[in-house]
$ cat start06.txt   # compact mmCIF, C-alpha atoms and all ligand atoms
# COMPACT_ATOMS: atom_id res chain seq x y z
CA VAL A 269 -25.22 -5.06 -7.13
CA ALA A 270 -26.10 -2.79 -10.07
CA VAL A 271 -23.23 -1.23 -12.03
CA GLY A 272 -23.88 2.36 -10.93
CA GLU A 273 -24.18 1.30 -7.33
CA ARG A 274 -21.00 -0.72 -7.56
CA GLU A 275 -19.11 2.35 -8.74
CA LEU A 276 -20.59 4.50 -5.97
CA VAL A 277 -19.57 1.98 -3.32
CA ARG A 278 -16.10 1.83 -4.83
CA GLN A 279 -15.71 5.60 -4.59
CA GLN A 280 -16.90 5.69 -1.00
CA LEU A 281 -14.62 2.84 0.04
CA ASP A 282 -11.67 4.54 -1.66
CA GLU A 283 -12.43 7.77 0.17
CA LEU A 284 -12.70 6.05 3.53
CA HIS A 285 -9.51 4.14 2.89
CA GLU A 286 -7.65 7.31 1.96
CA LYS A 287 -8.95 9.18 4.99
CA TYR A 288 -7.79 6.55 7.46
CA ARG A 289 -4.60 5.83 5.61
CA LEU A 290 -3.57 9.36 6.50
CA THR A 291 -4.38 9.11 10.21
CA GLY A 292 -1.31 8.74 12.42
CA ASP A 293 -0.10 5.17 12.43
CA ASP A 294 2.89 6.19 14.54
CA GLU A 295 0.95 6.36 17.78
CA VAL A 296 0.09 2.70 17.99
CA VAL A 297 1.66 -0.37 19.53
CA SER A 298 2.22 -3.73 17.90
CA TYR A 299 2.32 -7.12 19.56
CA TYR A 300 4.22 -8.99 16.91
CA PRO A 301 7.62 -7.44 16.33
CA PRO A 302 9.77 -7.23 14.35
CA GLU A 303 7.88 -7.52 11.08
CA ALA A 304 4.72 -5.89 12.40
CA GLU A 305 6.90 -2.83 12.94
CA ALA A 306 7.98 -2.69 9.31
CA ASP A 307 4.46 -3.43 8.07
CA ARG A 308 2.86 -0.67 10.04
CA HIS A 309 2.05 1.48 7.00
CA LEU A 310 0.14 -1.36 5.30
CA PHE A 311 -3.58 -0.83 5.04
CA GLY A 312 -6.04 -2.87 3.01
CA LEU A 313 -9.82 -2.83 2.85
CA ALA A 314 -11.75 -5.38 0.81
CA GLY A 315 -15.48 -5.96 0.61
CA THR A 316 -17.26 -8.89 -1.00
CA ASN A 317 -20.97 -8.92 -1.66
CA VAL A 318 -22.85 -12.22 -1.45
CA ASP A 319 -23.48 -11.92 -5.21
CA GLY A 320 -19.71 -12.03 -5.79
CA THR A 321 -19.09 -8.32 -6.40
CA GLN A 322 -15.78 -7.35 -4.84
CA TRP A 323 -14.16 -4.03 -3.94
CA GLN A 324 -10.55 -3.52 -2.95
CA ALA A 325 -8.81 -0.43 -1.63
CA GLY A 326 -5.13 -0.26 -0.68
CA ASP A 327 -3.01 -3.25 0.28
CA CYS A 328 -5.42 -6.09 -0.42
CA SER A 329 -2.94 -8.62 -1.78
CA VAL A 330 -0.39 -8.58 1.06
CA PRO A 331 -0.48 -11.84 3.03
CA PHE A 332 -0.71 -11.72 6.84
CA PRO A 333 -1.36 -14.39 9.48
CA LEU A 334 -4.97 -14.74 10.58
CA HIS A 335 -4.10 -14.97 14.27
CA SER A 336 -7.29 -14.64 16.33
CA VAL A 337 -9.53 -14.27 13.30
CA SER A 338 -8.91 -18.00 12.84
CA LYS A 339 -10.95 -18.59 16.02
CA VAL A 340 -14.15 -17.95 14.07
CA PHE A 341 -13.56 -20.66 11.49
CA THR A 342 -12.10 -23.22 13.86
CA TYR A 343 -15.13 -22.78 16.11
CA GLY A 344 -17.25 -23.71 13.09
CA LEU A 345 -15.35 -26.98 12.80
CA ALA A 346 -15.74 -27.68 16.53
CA LEU A 347 -19.50 -27.27 16.10
CA GLU A 348 -19.54 -29.50 13.07
CA ASP A 349 -17.39 -32.24 14.58
CA ASN A 350 -19.10 -32.34 17.99
CA GLY A 351 -22.59 -30.91 17.53
CA THR A 352 -23.93 -27.77 19.15
CA GLU A 353 -24.85 -29.26 22.50
CA GLU A 354 -21.51 -30.90 23.21
CA THR A 355 -19.58 -27.86 21.95
CA LEU A 356 -21.54 -25.53 24.22
CA ARG A 357 -20.94 -27.85 27.13
CA ARG A 358 -17.21 -27.36 26.56
CA VAL A 359 -17.09 -23.66 25.70
CA GLY A 360 -19.63 -20.89 26.45
CA VAL A 361 -20.96 -17.97 24.43
CA GLU A 362 -20.73 -15.23 27.06
CA PRO A 363 -18.49 -12.19 26.64
CA SER A 364 -15.86 -12.17 29.37
CA GLY A 365 -14.90 -8.50 29.35
CA ASP A 366 -11.34 -9.68 29.87
CA PRO A 367 -8.35 -9.38 27.52
CA PHE A 368 -7.90 -12.04 24.83
CA ASN A 369 -5.27 -14.04 26.70
CA SER A 370 -6.89 -13.79 30.12
CA ILE A 371 -6.59 -16.74 32.50
CA THR A 372 -10.19 -16.63 33.67
CA PHE A 373 -13.00 -19.12 33.17
CA ASP A 374 -16.74 -19.42 33.57
CA GLU A 375 -16.64 -20.93 37.08
CA VAL A 376 -20.35 -21.63 37.17
CA HIS A 377 -20.47 -23.74 34.02
CA HIS A 378 -16.92 -24.93 34.29
CA ARG A 379 -15.73 -23.93 30.81
CA PRO A 380 -13.99 -21.02 29.07
CA HIS A 381 -16.26 -18.01 28.57
CA ASN A 382 -16.35 -18.11 24.78
CA PRO A 383 -14.44 -19.39 21.72
CA MET A 384 -13.28 -15.92 20.61
CA ILE A 385 -10.67 -15.56 23.36
CA ASN A 386 -7.64 -17.80 23.71
CA ALA A 387 -8.92 -20.15 26.43
CA GLY A 388 -12.06 -20.98 24.45
CA ALA A 389 -10.24 -21.08 21.14
CA LEU A 390 -7.80 -23.64 22.54
CA VAL A 391 -10.71 -25.82 23.64
CA ALA A 392 -12.31 -25.39 20.19
CA ALA A 393 -9.03 -26.42 18.53
CA SER A 394 -8.92 -29.51 20.74
CA LEU A 395 -12.42 -30.40 19.51
CA VAL A 396 -11.51 -30.48 15.81
CA ALA A 397 -11.65 -34.04 14.50
CA GLY A 398 -8.37 -35.79 13.67
CA LYS A 399 -6.08 -38.40 15.19
CA ASP A 400 -3.07 -36.08 15.48
CA VAL A 401 -1.93 -32.51 14.84
CA ASP A 402 -1.30 -33.13 11.15
CA GLU A 403 -4.79 -34.48 10.54
CA LYS A 404 -6.42 -31.66 12.48
CA VAL A 405 -4.40 -28.97 10.75
CA ASP A 406 -5.14 -30.52 7.36
CA ARG A 407 -8.81 -30.46 8.19
CA ILE A 408 -8.63 -26.82 9.30
CA LEU A 409 -6.63 -25.76 6.25
CA GLU A 410 -8.88 -27.60 3.83
CA ARG A 411 -11.91 -25.90 5.34
CA TYR A 412 -10.38 -22.41 5.41
CA ARG A 413 -9.62 -22.82 1.71
CA VAL A 414 -13.29 -23.47 1.04
CA TYR A 415 -14.27 -20.36 3.00
CA ALA A 416 -11.79 -18.25 1.00
CA GLY A 417 -12.24 -20.07 -2.32
CA ASN A 418 -8.45 -20.11 -2.41
CA PRO A 419 -6.72 -23.51 -2.63
CA GLU A 420 -3.35 -21.83 -2.02
CA LEU A 421 -3.93 -20.91 1.63
CA ALA A 422 -1.17 -22.40 3.76
CA VAL A 423 0.38 -22.33 7.22
CA ASP A 424 3.37 -19.99 7.31
CA GLN A 425 5.89 -22.26 9.03
CA ARG A 426 8.21 -19.42 10.00
CA ILE A 427 5.41 -17.61 11.82
CA LEU A 428 4.30 -20.86 13.43
CA ARG A 429 7.81 -21.55 14.75
CA GLN A 430 8.09 -18.01 16.03
CA GLN A 431 4.79 -18.34 17.88
CA LEU A 432 5.68 -21.76 19.29
CA ARG A 433 8.84 -20.25 20.77
CA SER A 434 7.01 -17.48 22.65
CA ASN A 435 4.02 -19.40 23.78
CA ASP A 436 4.15 -19.83 27.56
CA ARG A 437 0.82 -18.12 28.03
CA ASN A 438 -1.17 -20.49 25.80
CA LEU A 439 0.60 -23.52 27.25
CA GLY A 440 -0.08 -22.24 30.76
CA LEU A 441 -3.74 -21.69 29.93
CA CYS A 442 -4.05 -25.24 28.65
CA TYR A 443 -2.32 -26.82 31.62
CA ILE A 444 -4.60 -24.96 34.01
CA MET A 445 -7.64 -25.97 31.95
CA ARG A 446 -6.53 -29.59 31.92
CA SER A 447 -6.05 -29.55 35.69
CA LEU A 448 -9.64 -28.27 35.93
CA GLY A 449 -10.93 -30.93 33.54
CA MET A 450 -11.90 -28.42 30.85
CA ILE A 451 -9.61 -29.78 28.16
CA ASP A 452 -8.02 -33.15 27.58
CA GLY A 453 -5.35 -34.73 25.46
CA ASP A 454 -1.82 -33.72 24.67
CA ILE A 455 -1.41 -30.02 25.51
CA GLU A 456 1.47 -29.43 23.11
CA GLU A 457 -0.65 -30.84 20.30
CA VAL A 458 -3.64 -28.66 21.18
CA VAL A 459 -1.46 -25.57 21.20
CA GLU A 460 0.24 -26.50 17.94
CA THR A 461 -3.13 -27.03 16.28
CA TYR A 462 -4.38 -23.65 17.51
CA LEU A 463 -1.20 -21.80 16.54
CA SER A 464 -1.12 -23.46 13.12
CA ALA A 465 -4.58 -22.01 12.45
CA CYS A 466 -3.30 -18.62 13.70
CA SER A 467 -0.37 -18.91 11.24
CA ILE A 468 -2.45 -19.49 8.12
CA THR A 469 -1.86 -16.49 5.90
CA VAL A 470 -4.52 -14.71 3.88
CA THR A 471 -4.95 -11.35 2.16
CA ALA A 472 -7.60 -8.73 2.94
CA ALA A 473 -9.32 -9.87 -0.25
CA ASP A 474 -9.34 -13.51 0.96
CA LEU A 475 -10.63 -12.41 4.33
CA SER A 476 -13.53 -10.50 2.78
CA VAL A 477 -14.52 -13.66 0.90
CA MET A 478 -14.33 -15.72 4.10
CA GLY A 479 -16.66 -13.16 5.69
CA ALA A 480 -18.96 -13.18 2.67
CA THR A 481 -19.20 -16.96 2.91
CA LEU A 482 -20.63 -16.59 6.41
CA ALA A 483 -22.86 -13.74 5.20
CA LYS A 484 -24.20 -16.08 2.53
CA GLY A 485 -25.23 -18.71 5.06
CA GLY A 486 -22.03 -20.75 4.73
CA VAL A 487 -21.71 -20.89 0.93
CA ASN A 488 -18.74 -19.32 -0.87
CA PRO A 489 -20.15 -16.65 -3.23
CA PHE A 490 -17.59 -17.40 -5.97
CA THR A 491 -17.28 -21.17 -5.94
CA GLY A 492 -20.76 -22.06 -4.62
CA GLU A 493 -19.07 -24.54 -2.28
CA ARG A 494 -20.45 -24.95 1.23
CA ALA A 495 -17.88 -24.25 3.96
CA VAL A 496 -20.11 -24.81 6.99
CA ALA A 497 -23.64 -26.00 7.67
CA ARG A 498 -26.23 -23.24 7.73
CA GLU A 499 -27.35 -24.21 11.24
CA HIS A 500 -23.87 -23.39 12.59
CA VAL A 501 -23.59 -20.03 10.83
CA ARG A 502 -26.02 -18.47 13.27
CA SER A 503 -23.99 -19.70 16.26
CA ILE A 504 -20.73 -18.49 14.75
CA VAL A 505 -21.95 -15.05 13.75
CA SER A 506 -23.78 -14.39 17.01
CA VAL A 507 -20.68 -15.19 19.08
CA MET A 508 -18.73 -12.81 16.82
CA MET A 509 -21.28 -10.12 17.65
CA SER A 510 -21.05 -10.58 21.42
CA CYS A 511 -17.40 -11.58 21.83
CA GLY A 512 -15.45 -10.92 18.62
CA MET A 513 -13.52 -7.81 19.61
CA TYR A 514 -12.08 -9.05 22.92
CA ASP A 515 -12.73 -6.64 25.79
CA ALA A 516 -13.92 -3.97 23.36
CA ALA A 517 -16.79 -6.14 22.08
CA GLY A 518 -19.48 -4.09 23.80
CA GLN A 519 -18.16 -0.80 22.51
CA TRP A 520 -17.88 -2.26 19.02
CA ALA A 521 -21.47 -3.57 19.14
CA ASN A 522 -22.59 -0.13 20.23
CA GLU A 523 -20.64 1.94 17.72
CA VAL A 524 -20.19 -0.32 14.71
CA GLY A 525 -22.88 -2.93 15.19
CA ILE A 526 -21.59 -5.54 12.73
CA PRO A 527 -20.52 -9.05 13.79
CA ALA A 528 -16.73 -9.09 13.54
CA LYS A 529 -13.52 -10.69 14.74
CA SER A 530 -10.09 -9.16 15.12
CA GLY A 531 -6.59 -10.59 15.37
CA VAL A 532 -3.22 -9.26 16.55
CA SER A 533 -1.79 -9.06 13.05
CA GLY A 534 -4.19 -6.09 12.72
CA ASP A 535 -6.83 -7.96 10.77
CA ILE A 536 -10.60 -7.71 11.15
CA VAL A 537 -13.28 -9.74 9.42
CA CYS A 538 -16.82 -8.31 9.38
CA VAL A 539 -19.92 -10.28 8.49
CA LEU A 540 -23.10 -8.52 7.52
CA PRO A 541 -25.56 -11.42 7.19
CA ARG A 542 -27.21 -11.68 3.76
CA TYR A 543 -25.09 -8.83 2.33
CA PHE A 544 -21.34 -8.52 2.79
CA GLY A 545 -18.07 -9.70 4.16
CA PHE A 546 -15.30 -7.19 4.81
CA GLY A 547 -11.63 -7.86 5.37
CA VAL A 548 -9.49 -5.12 6.86
CA TYR A 549 -5.77 -5.24 7.51
CA SER A 550 -3.61 -2.64 9.22
CA PRO A 551 -1.03 -3.76 11.80
CA GLY A 552 -1.10 -0.86 14.29
CA LEU A 553 -3.00 -2.02 17.39
CA ASP A 554 -4.83 -0.31 20.25
CA VAL A 555 -4.71 -1.40 23.90
CA HIS A 556 -7.24 -4.18 23.28
CA GLY A 557 -5.16 -5.65 20.45
CA ASN A 558 -7.53 -4.39 17.76
CA SER A 559 -6.35 -2.62 14.60
CA VAL A 560 -6.54 1.13 15.18
CA ARG A 561 -7.22 2.05 11.56
CA GLY A 562 -9.47 -0.97 11.18
CA VAL A 563 -11.72 -0.01 14.09
CA ASN A 564 -11.92 3.65 13.07
CA LEU A 565 -12.62 2.78 9.48
CA CYS A 566 -15.31 0.24 10.34
CA ARG A 567 -17.03 2.74 12.61
CA GLU A 568 -17.33 5.20 9.74
CA LEU A 569 -18.08 2.50 7.19
CA SER A 570 -21.01 1.37 9.31
CA ALA A 571 -22.30 4.94 9.64
CA THR A 572 -21.80 5.83 5.96
CA PHE A 573 -23.62 2.79 4.62
CA GLY A 574 -26.08 2.45 7.51
CA LEU A 575 -24.81 -1.05 8.34
CA HIS A 576 -25.39 -1.17 12.11
CA VAL A 577 -27.65 -4.20 12.45
CA PHE A 578 -29.84 -2.42 15.01
CA ALA A 579 -29.98 0.91 13.19
CA ASP A 580 -33.31 2.32 12.05
CA PRO A 581 -34.07 1.28 8.49
N1 LIG B 601 -1.58 -16.27 17.87
C1 LIG B 601 -1.96 -15.35 18.88
C2 LIG B 601 -1.89 -15.95 20.26
O1 LIG B 601 -2.66 -16.79 20.64
C3 LIG B 601 -3.32 -14.85 18.56
C4 LIG B 601 -3.73 -13.84 19.52
C5 LIG B 601 -4.61 -12.79 18.92
O2 LIG B 601 -4.72 -12.59 17.70
N2 LIG B 601 -5.20 -12.06 19.80
O3 LIG B 601 -1.05 -15.59 21.02

$ encode --input "start06.txt" --output "structure tokens"
Amino acid sequence: VAVGERELVRQQLDELHEKYRLTGDDEVVSYYPPEAEADRHLFGLAGTNVDGTQWQAGDCSVPFPLHSVSKVFTYGLALEDNGTEETLRRVGVEPSGDPFNSITFDEVHHRPHNPMINAGALVAASLVAGKDVDEKVDRILERYRVYAGNPELAVDQRILRQQLRSNDRNLGLCYIMRSLGMIDGDIEEVVETYLSACSITVTAADLSVMGATLAKGGVNPFTGERAVAREHVRSIVSVMMSCGMYDAAGQWANEVGIPAKSGVSGDIVCVLPRYFGFGVYSPGLDVHGNSVRGVNLCRELSATFGLHVFADP
């Protein structure tokens, strides 16, 4: 990115950030009290170009748990550890149109609809190589660090414990899936693996780099390290496009048109293949569990910079 262009992008991102910072964050609901409540005013927007240029506006160094955004990167490991064919046999790539924690499955193919909602993400977590939870979580963490180019990423144990305490839904999902033969192994271990990935904390800046790594075909733009094989990047990014925003995925594809994934901490990662990764963080959530400011900002960001992947050139 040329210097003049870099400055122009910076100004536009600052303006967008300021505009949405001022929109009412008091109208929204949060899933993760109590701290989500106190963090409601936080708002960070970071963009990383595949050439390593980075922009930051607002709260880009505040750590937050990845939550469902982790599903993207764990799915990559499931693909790597089991191959595409076996992974697709176990979890589909069809949008479900149901909320993220829905207890519904693809009855025809006998598998969860996709890896971007909880049922499919739990199966993906169960597919990560490792003899026990510790090995699996180490593998996940090590890989997330490569995506972010940040060796400090870690599981926030307090958040993990909190999630493990209020986790009937994920346990229930797993038990039903095991009774249907969709998942095997120790359910508590599967859930702990999944929730550990959800409890890895990053900043908006980290998240933009993780997105940029996917945009760059799996290679971290700062370190040059490969986080995932190129052949899997296409599978990961296309399932983000069709299923990444829960039951608002269709609307997002229509209005924003950038592959993305959201999480209930109010985070969104966007991947514009060959160009950018964006990381957005703002805890206020809409009815789908997507960040209110994040969605509004991305809609305008896409329009301002002409980023919709199906827009006219
Ligand atoms: N950790 C959360 C859960 O599974 C993640 C959900 C989400 O971000 N939608 O309950």

$ residues_around --input "start06.txt" --residues "Gly398 of chain A" --least-positions-apart "5" --cutoff "12 Å" --atoms "all atoms listed in the file" --output "PyMOL selection string"
chain A and resi 345-346+349+393+403-408+457-458+461

$ residues_near_ligand --input "start06.txt" --ligand "ligand LIG 601 (chain B)" --cutoff "8 Å" --atoms "all atoms listed in the file" --output "ChimeraX atom specification"
/A:334-337,368-369,385-386,431,435,437-438,462-463,466-467,530-533,557

$ residues_around --input "start06.txt" --residues "segment 320-325 of chain A" --least-positions-apart "4" --cutoff "9 Å" --atoms "only C-alpha atoms" --output "VMD selection string"
chain A and resid 269 274 277 to 278 281 to 282 285 to 286 311 to 316 472 to 473 476 to 477 480 488 to 490

$ write_last_selection --input "start06.txt" --atoms "C-alpha atoms" --output "short mmCIF file (atom, residue, chain, number, x, y, z; two decimals), in the coordinates of the input"
data_model
loop_
_atom_site.label_atom_id
_atom_site.label_comp_id
_atom_site.auth_asym_id
_atom_site.auth_seq_id
_atom_site.Cartn_x
_atom_site.Cartn_y
_atom_site.Cartn_z
CA VAL A 269 -25.22 -5.06 -7.13
CA ARG A 274 -21.00 -0.72 -7.56
CA VAL A 277 -19.57 1.98 -3.32
CA ARG A 278 -16.10 1.83 -4.83
CA LEU A 281 -14.62 2.84 0.04
CA ASP A 282 -11.67 4.54 -1.66
CA HIS A 285 -9.51 4.14 2.89
CA GLU A 286 -7.65 7.31 1.96
CA PHE A 311 -3.58 -0.83 5.04
CA GLY A 312 -6.04 -2.87 3.01
CA LEU A 313 -9.82 -2.83 2.85
CA ALA A 314 -11.75 -5.38 0.81
CA GLY A 315 -15.48 -5.96 0.61
CA THR A 316 -17.26 -8.89 -1.00
CA ALA A 472 -7.60 -8.73 2.94
CA ALA A 473 -9.32 -9.87 -0.25
CA SER A 476 -13.53 -10.50 2.78
CA VAL A 477 -14.52 -13.66 0.90
CA ALA A 480 -18.96 -13.18 2.67
CA ASN A 488 -18.74 -19.32 -0.87
CA PRO A 489 -20.15 -16.65 -3.23
CA PHE A 490 -17.59 -17.40 -5.97
#

$ atom_distance --input "start06.txt" --atom1 "atom CA of Tyr543 of chain A" --atom2 "atom CA of Gln280 of chain A"
17.0 Å

$ closest_residue --input "start06.txt" --among "A:Phe332, A:Phe546, A:Tyr343, A:Tyr412" --to "Thr471 of chain A" --atoms "all atoms listed in the file"
A:Phe332

$ atom_distance --input "start06.txt" --atom1 "atom CA of Leu390 of chain A" --atom2 "atom CA of Ser364 of chain A"
15.6 Å

$ residues_near_point --input "start06.txt" --point "(-17.7, -14.6, 23.3)" --cutoff "8 Å" --atoms "only C-alpha atoms" --output "list in words"
Gly360, Val361, Glu362, Pro363, Ser364, His381, Asn382, Pro383, Met384, Ile385, Val507, Met508, Ser510, Cys511, Gly512 and Tyr514 of chain A

$ build_atoms --input "start06.txt" --residues "segment 562-579 of chain A" --atoms "N, CA and C atoms" --output "mmCIF file, in the frame of the given file"
data_model
loop_
_atom_site.group_PDB
_atom_site.id
_atom_site.type_symbol
_atom_site.label_atom_id
_atom_site.label_comp_id
_atom_site.auth_asym_id
_atom_site.auth_seq_id
_atom_site.Cartn_x
_atom_site.Cartn_y
_atom_site.Cartn_z
ATOM 1 N N GLY A 562 -8.350 -0.075 11.481
ATOM 2 C CA GLY A 562 -9.470 -0.970 11.180
ATOM 3 C C GLY A 562 -10.730 -0.583 11.955
ATOM 4 N N VAL A 563 -10.563 -0.347 13.253
ATOM 5 C CA VAL A 563 -11.720 -0.010 14.090
ATOM 6 C C VAL A 563 -12.301 1.332 13.649
ATOM 7 N N ASN A 564 -11.430 2.319 13.459
ATOM 8 C CA ASN A 564 -11.920 3.650 13.070
ATOM 9 C C ASN A 564 -12.621 3.601 11.718
ATOM 10 N N LEU A 565 -12.018 2.871 10.806
ATOM 11 C CA LEU A 565 -12.620 2.780 9.480
ATOM 12 C C LEU A 565 -13.971 2.069 9.529
ATOM 13 N N CYS A 566 -14.043 0.988 10.287
ATOM 14 C CA CYS A 566 -15.310 0.240 10.340
ATOM 15 C C CYS A 566 -16.410 1.073 10.988
ATOM 16 N N ARG A 567 -16.029 1.886 11.966
ATOM 17 C CA ARG A 567 -17.030 2.740 12.610
ATOM 18 C C ARG A 567 -17.653 3.668 11.560
ATOM 19 N N GLU A 568 -16.795 4.261 10.738
ATOM 20 C CA GLU A 568 -17.330 5.200 9.740
ATOM 21 C C GLU A 568 -18.020 4.459 8.590
ATOM 22 N N LEU A 569 -17.466 3.316 8.239
ATOM 23 C CA LEU A 569 -18.080 2.500 7.190
ATOM 24 C C LEU A 569 -19.519 2.142 7.569
ATOM 25 N N SER A 570 -19.687 1.743 8.823
ATOM 26 C CA SER A 570 -21.010 1.370 9.310
ATOM 27 C C SER A 570 -21.962 2.561 9.256
ATOM 28 N N ALA A 571 -21.457 3.740 9.649
ATOM 29 C CA ALA A 571 -22.300 4.940 9.640
ATOM 30 C C ALA A 571 -22.630 5.354 8.202
ATOM 31 N N THR A 572 -21.611 5.367 7.343
ATOM 32 C CA THR A 572 -21.800 5.830 5.960
ATOM 33 C C THR A 572 -22.835 4.987 5.219
ATOM 34 N N PHE A 573 -22.723 3.669 5.384
ATOM 35 C CA PHE A 573 -23.620 2.790 4.620
ATOM 36 C C PHE A 573 -24.831 2.333 5.449
ATOM 37 N N GLY A 574 -24.943 2.840 6.668
ATOM 38 C CA GLY A 574 -26.080 2.450 7.510
ATOM 39 C C GLY A 574 -26.081 0.950 7.801
ATOM 40 N N LEU A 575 -24.930 0.402 8.202
ATOM 41 C CA LEU A 575 -24.810 -1.050 8.340
ATOM 42 C C LEU A 575 -25.074 -1.580 9.746
ATOM 43 N N HIS A 576 -25.157 -0.699 10.729
ATOM 44 C CA HIS A 576 -25.390 -1.170 12.110
ATOM 45 C C HIS A 576 -26.664 -2.040 12.111
ATOM 46 N N VAL A 577 -26.523 -3.269 12.590
ATOM 47 C CA VAL A 577 -27.650 -4.200 12.450
ATOM 48 C C VAL A 577 -28.868 -3.776 13.262
ATOM 49 N N PHE A 578 -28.679 -2.890 14.240
ATOM 50 C CA PHE A 578 -29.840 -2.420 15.010
ATOM 51 C C PHE A 578 -30.215 -0.982 14.676
ATOM 52 N N ALA A 579 -29.651 -0.465 13.583
ATOM 53 C CA ALA A 579 -29.980 0.910 13.190
ATOM 54 C C ALA A 579 -31.400 0.966 12.630
#
